[in-house]
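First the structure, in the form of structure tokens, and then the observations on it.
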Amino acid sequence: MAYTTNIAMFLPPSGAASNQANQAKQLLDAYRILVAIELALKDAGFTGGHHIPEMLSKIPAKHPSLSFTKFQNDLRRDLTKIMCNDRDSKPPRRVKESSYPEIRYTRFSGDWGGVHETSFESIKSLFQTTHNLLSYLRQHKNVLGITI
């Protein structure tokens, strides 16, 4: 099953990578890219739910010439720096590297009186990591057999 339309719909419009003025927009762009990457990797037969670092770890078995270690480490680091609200009135917590959709519940700096907020630097880092990963995947899309 091809997710080509879904992938295209979740990618940010051209030029969005240069807009670093708004942390909410950067987080949204990072989220959209992660959705597109997840769908593209699943389309190519790489499984792992929402755990993109885990999905990336499976690629070298099929394509030994490609390395995703840096992207895996950066993505794990960046996702777990994002603070989010938990369900059922539990205390805020860090996003799990295995479940990037939790970033939808990010506690933005300035919204929570300084309590368990996500720094702008953390959002900016995730934004940059997702763009770097997207660029790398696009460079190697023919080798990987993905549409992105």
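Chain labels run A, B, ... following the order of the structure tokens; each chain numbers its residues from 1, and ligands are numbered from 1 in the order shown.
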Would you kindly return, as a list in words, each protein, DNA or RNA residue with an atom no farther than 12 Å from any atom of region 58-66 of chain A, considering only C-alpha atoms and excluding same-chain residues fewer than 2 positions away?
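Listing them by chain and then by number gives Leu41, Lys42, Ala44, Gly45, Phe46, Thr47, Gly48, His51, Ile52, Pro53, Glu54, Met55, Leu56, Phe68, Thr69, Lys70, Phe71, Gln72, Tyr136, Leu137, Gln139, His140, Lys141, Asn142, Val143, Leu144, Gly145 and Ile146 of chain A.
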Which residues come within 10 Å of region 108-111 of chain A, counting only C-alpha atoms, excluding same-chain residues fewer than 4 positions away, as a list in words?
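Skipping anything fewer than 4 positions along the chain leaves Gln23, Ala24, Leu27, Ile82, Met83, Cys84, Val115, His116, Glu117, Thr118, Ser119, Phe120 and Ile123 of chain A.
Using only C-alpha atoms, the smallest distance between any of A:Asn22, A:Val35, A:Arg77, A:Lys90 and Arg104 (chain A) comes from A:Val35.
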Strand (DSSP E) call set, DSSP backbone run, region 17-131 of chain A, as a VMD selection string
chain A and resid 83 to 84 93 to 94
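Relative to CA of Gln26 (chain A), CA of Lys124 (chain A) is found at 6.8 Å.
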As a ChimeraX atom specification, list the residues of chain A assigned to alpha helix (DSSP H) by DSSP on the backbone atoms of this structure.
/A:4-10,23-43,52-57,59-62,69-79,120-139,141-144
Given only C-alpha atoms, how would the per-residue table for region 70-91 of chain A near region 95-102 of chain A read, listing every residue at most 6 Å away with its closest atom pair and distance in Å to one decimal, sorted by chain and number, as a tab-separated table?
```
residue	atom	partner	partner_atom	distance
A:Arg76	CA	A:Glu97	CA	5.3
A:Leu79	CA	A:Glu97	CA	5.7
A:Thr80	CA	A:Val95	CA	5.1
A:Ile82	CA	A:Val95	CA	5.7
```
What does the distance from CA of Pro12 (chain A) to CA of Asp29 (chain A) come to in Å, to one decimal?
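Atom-to-atom, CA of Pro12 (chain A) to CA of Asp29 (chain A), that is 5.8 Å.
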Shortest interatomic distance to Ala40 (chain A) - which of A:Asn73, A:Leu11, A:Pro92, A:Leu28, counting only C-alpha atoms:
A:Leu11
What is the distance, in Å and to one decimal place, between CA of Ile103 (chain A) and CA of Arg87 (chain A)?
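So the two atoms, CA of Ile103 (chain A) and CA of Arg87 (chain A), lie 13.0 Å apart.
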